[in-house]
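Heads up, the thing below is written out as structure tokens.
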Amino acid sequence: MHHVGLAELAAAVSNAGGLGIVTALTQPTPGALAAEIERCRQMTDQPFGVNLTFLPARTPPDYPGYVRAIIEGGVKIVETAGNNPQKWLPALHAAGIRVIHKCTSVRHALKAESIGCDAVSVDGFECGGHPGEDDVPNFILLPRAAEELTIPFVASGGMADGRSLVAALALGAEGMNMGTRFVATKEAPVHANVKAAIVAASELDTRLVMRALRNTERVLSNAGVERLLEKERQLGSQLTFEDIAPEVAGIYPRVMGEGDVEAGAWSCGMVAGLIRDVPSVGELIERIMSEADGIIRDRLNTMSKR
Ligand SMILES: Cc1cc2nc3c(=O)[nH]c(=O)nc-3n(C[C@H](O)[C@H](O)[C@H](O)COP(=O)(O)O)c2cc1C
């Protein structure tokens with residue numbers, strides 16, 4: 001998660017039994033990523049991964065350099081997202097790295113399987129960030145993925161608690177991935193205003209932006225986003241990235257670092273409607289596991305005929 005997936009949060013998640021992920025592109029250079037990987041390693045002796053996002057960018061990042069930093073940093077799990085990661089798979093696999101590609105459709109998940117990805121993360125329409133252009137929610141997308149895929153997958157988008165975990169498992173996933181829920185934790189290295197905005201938001205408070213650019217993003221509604229949407233309404237199919245750059249470019253440091261949550265577009269899932277507190281990561285994961293266990297033991301078990 002851009003400007004959220006720093007060593008503090010990744011290490012906290014890994015220390016609590018999850019798989020923490022450091023966001024590569026939040027680091028301005030491959031050298032800075034190498035230092036962040038090392039910082040994370042100082043905070044946890046558990047495995048953690050690195051996310052490498054391939055999205056349209058005005059100036060493409062130094063991807064070969066980031067891949068080198070990941071390999072030389074001894075990371076063993078990479079989550080790729082956005083464009084097809086095929087070009088990078090031979091180098092990552094040669095270094096013994098497992099690749100989880102994030103997909104928003106069965107079509108893309110099957111493509112990821114066919115090019116040799118080890119697993120996929122299936123992101124439904126409700127997810128924070130980039131849900132793709134098909135708009136299929138997880139109640140349909142996950143079982144469809146289970147029908148088609150042979151590689152394992154985790155459910156992503158709308159996951160918040162033990163109910164989400166049990167549902168994800170029931171729909172065929174091996175586990176779940178959480179974005180927005182982890183932003184509202186004590187260890188998330190973001191301004192308190194961001195956590196408060198997520199807690200205050202309901203499931204009705206996200207908006208989809210940049211659809212006309214086929215780069216749809218689910219973000220939290222705010223003054224900057226409403227300005228952006230007004231431009232989208234006025235310009236329609238004529239919209240260009242430059243038109244909305246004031247509400248999109250360079251927003252993350254202002255939001256996450258300075259707490260200016262009205263500045264513009266920052267990713268947030270509909271799951272905000274299920275987030276009511278700011279626990280530590282350890283408390284959150286413990287609560288999820290015991291809630292899931294309770295649902296299976298006390299509710300589902302009693303419904304079974306066997
Ligand atoms: C603040 C924020 C920033 C994100 N940045 C990225 C990113 O840089 N790359 C990426 O692949 N996904 C990014 N995501 C998406 C998450 O990794 C994850 O797929 C998504 O949040 C799951 O949906 P949920 O928010 O409903 O849990 C971001 C999400 C949030 C909330």
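All residue names refer to the structure tokens as shown: chains lettered A, B, ... in order, residues numbered from 1 in each chain, ligands numbered from 1 in order.
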Which residues of chain A come within 8 Å of ligand 1, and for each one, what is the closest pair of atoms and their distance in Å to one decimal, counting only C-alpha atoms and all ligand atoms, sorted by chain and residue number, as a Markdown table?
```
| residue | atom | partner | partner_atom_place_in_ligand_line | distance |
| --- | --- | --- | --- | --- |
| A:Met1 | CA | ligand 1 | 5 (N) | 3.3 |
| A:His2 | CA | ligand 1 | 8 (O) | 4.0 |
| A:His3 | CA | ligand 1 | 3 (C) | 7.1 |
| A:Val4 | CA | ligand 1 | 1 (C) | 6.4 |
| A:Thr23 | CA | ligand 1 | 8 (O) | 6.4 |
| A:Leu25 | CA | ligand 1 | 8 (O) | 7.1 |
| A:Thr26 | CA | ligand 1 | 8 (O) | 7.5 |
| A:Asn51 | CA | ligand 1 | 11 (O) | 6.5 |
| A:Leu52 | CA | ligand 1 | 11 (O) | 7.0 |
| A:Thr53 | CA | ligand 1 | 9 (N) | 5.2 |
| A:Glu79 | CA | ligand 1 | 11 (O) | 7.6 |
| A:Thr80 | CA | ligand 1 | 11 (O) | 6.8 |
| A:Ala81 | CA | ligand 1 | 11 (O) | 4.6 |
| A:Gly82 | CA | ligand 1 | 11 (O) | 6.7 |
| A:Lys102 | CA | ligand 1 | 11 (O) | 6.9 |
| A:Ser121 | CA | ligand 1 | 19 (O) | 7.9 |
| A:Asp123 | CA | ligand 1 | 19 (O) | 6.1 |
| A:Gly124 | CA | ligand 1 | 23 (O) | 7.8 |
| A:Glu126 | CA | ligand 1 | 26 (O) | 6.0 |
| A:Cys127 | CA | ligand 1 | 23 (O) | 3.6 |
| A:Gly128 | CA | ligand 1 | 25 (O) | 3.8 |
| A:Gly129 | CA | ligand 1 | 15 (C) | 4.5 |
| A:His130 | CA | ligand 1 | 15 (C) | 6.7 |
| A:Ser156 | CA | ligand 1 | 22 (C) | 5.0 |
| A:Gly157 | CA | ligand 1 | 23 (O) | 3.4 |
| A:Gly158 | CA | ligand 1 | 26 (O) | 3.8 |
| A:Met159 | CA | ligand 1 | 27 (O) | 5.3 |
| A:Ala160 | CA | ligand 1 | 27 (O) | 7.0 |
| A:Asn177 | CA | ligand 1 | 27 (O) | 6.5 |
| A:Met178 | CA | ligand 1 | 27 (O) | 3.9 |
| A:Gly179 | CA | ligand 1 | 21 (O) | 3.4 |
| A:Thr180 | CA | ligand 1 | 25 (O) | 3.8 |
| A:Arg181 | CA | ligand 1 | 27 (O) | 6.0 |
| A:Phe182 | CA | ligand 1 | 27 (O) | 7.9 |
| A:Val183 | CA | ligand 1 | 31 (C) | 6.7 |
| A:Trp266 | CA | ligand 1 | 1 (C) | 6.0 |
| A:Ser267 | CA | ligand 1 | 2 (C) | 4.5 |
| A:Cys268 | CA | ligand 1 | 31 (C) | 4.3 |
| A:Gly269 | CA | ligand 1 | 26 (O) | 4.1 |
| A:Met270 | CA | ligand 1 | 26 (O) | 6.2 |
| A:Val271 | CA | ligand 1 | 26 (O) | 5.3 |
| A:Ala272 | CA | ligand 1 | 26 (O) | 7.8 |
```
Skipping near chain neighbours, those fewer than 3 positions away, what residues fall within 6 Å of Thr185 in chain A using only C-alpha atoms, listed as a PyMOL selection string?
chain A and resi 182+188+278-281
- Task: Quick one: everything within 9 Å of Val190 in chain A, counting only C-alpha atoms, minus sequence neighbours fewer than 4 positions away in the same chain. Send it as an MDAnalysis selection string.
- Result: chainID A and resid 3:4 183:184 194:195 255:259
Secondary structure check, helix (DSSP H, G or I) residues of range 110-251 of chain A, as number ranges by chain
A: 110-115, 138-148, 162-170, 180-183, 192-200, 211-213, 223-238, 241-248, 251
So the first atom is CA of Asp45 in chain A and the second is CA of Ala16 in chain A; what is the distance between them in Å, to one decimal place?
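If I compute the distance from CA of Asp45 in chain A to CA of Ala16 in chain A, I get 11.4 Å.
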Using only C-alpha atoms, I'd like a table of the residues in range 95-195 of chain A that come within 8 Å of range 205-216 of chain A; for each, show the closest atom pair and its distance in Å rounded to one decimal, ordered by chain and ascending number, as CSV.
```
residue,atom,partner,partner_atom,distance
A:His130,CA,A:Thr216,CA,5.8
A:Pro131,CA,A:Thr216,CA,6.7
A:Gly132,CA,A:Thr216,CA,6.2
A:Glu133,CA,A:Thr216,CA,6.8
```
Restricting it to all heavy atoms, dump the selection as a PDB file, in the first residue's frame.
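As a result, out.pdb now contains:
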```pdb
ATOM      1  N   HIS A 130      -7.260  -0.334  -7.033  1.00  0.00           N
ATOM      2  CA  HIS A 130      -7.647  -0.517  -8.437  1.00  0.00           C
ATOM      3  C   HIS A 130      -8.450  -1.801  -8.633  1.00  0.00           C
ATOM      4  O   HIS A 130      -7.876  -2.880  -8.678  1.00  0.00           O
ATOM      5  CB  HIS A 130      -6.399  -0.523  -9.319  1.00  0.00           C
ATOM      6  CG  HIS A 130      -5.719   0.808  -9.335  1.00  0.00           C
ATOM      7  ND1 HIS A 130      -5.969   1.770 -10.292  1.00  0.00           N
ATOM      8  CD2 HIS A 130      -4.817   1.360  -8.492  1.00  0.00           C
ATOM      9  CE1 HIS A 130      -5.256   2.851 -10.040  1.00  0.00           C
ATOM     10  NE2 HIS A 130      -4.541   2.625  -8.947  1.00  0.00           N
ATOM     11  N   PRO A 131      -9.769  -1.704  -8.752  1.00  0.00           N
ATOM     12  CA  PRO A 131     -10.597  -2.914  -8.897  1.00  0.00           C
ATOM     13  C   PRO A 131     -10.704  -3.402 -10.340  1.00  0.00           C
ATOM     14  O   PRO A 131     -11.437  -4.364 -10.599  1.00  0.00           O
ATOM     15  CB  PRO A 131     -11.971  -2.450  -8.384  1.00  0.00           C
ATOM     16  CG  PRO A 131     -12.012  -1.001  -8.709  1.00  0.00           C
ATOM     17  CD  PRO A 131     -10.600  -0.488  -8.661  1.00  0.00           C
ATOM     18  N   GLY A 132      -9.998  -2.788 -11.279  1.00  0.00           N
ATOM     19  CA  GLY A 132     -10.125  -3.184 -12.683  1.00  0.00           C
ATOM     20  C   GLY A 132     -11.373  -2.591 -13.300  1.00  0.00           C
ATOM     21  O   GLY A 132     -11.971  -1.660 -12.743  1.00  0.00           O
ATOM     22  N   GLU A 133     -11.789  -3.136 -14.428  1.00  0.00           N
ATOM     23  CA  GLU A 133     -12.893  -2.515 -15.173  1.00  0.00           C
ATOM     24  C   GLU A 133     -14.101  -3.446 -15.313  1.00  0.00           C
ATOM     25  O   GLU A 133     -15.051  -3.132 -16.010  1.00  0.00           O
ATOM     26  CB  GLU A 133     -12.410  -2.076 -16.566  1.00  0.00           C
ATOM     27  CG  GLU A 133     -11.105  -1.264 -16.569  1.00  0.00           C
ATOM     28  CD  GLU A 133     -11.165   0.008 -15.731  1.00  0.00           C
ATOM     29  OE1 GLU A 133     -12.242   0.625 -15.640  1.00  0.00           O
ATOM     30  OE2 GLU A 133     -10.126   0.367 -15.131  1.00  0.00           O
TER      31      GLU A 133
END
```
(message) Would you compute the distance between CA of Ala173 in chain A and CA of Ile71 in chain A? Give it in Å to one decimal.
(response)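 Separation between CA of Ala173 in chain A and CA of Ile71 in chain A: 27.9 Å.
Proximity of A:Cys117, A:Leu33, A:Leu149, A:Val199 to Gln86 in chain A, computed with only C-alpha atoms, is greatest for A:Cys117.
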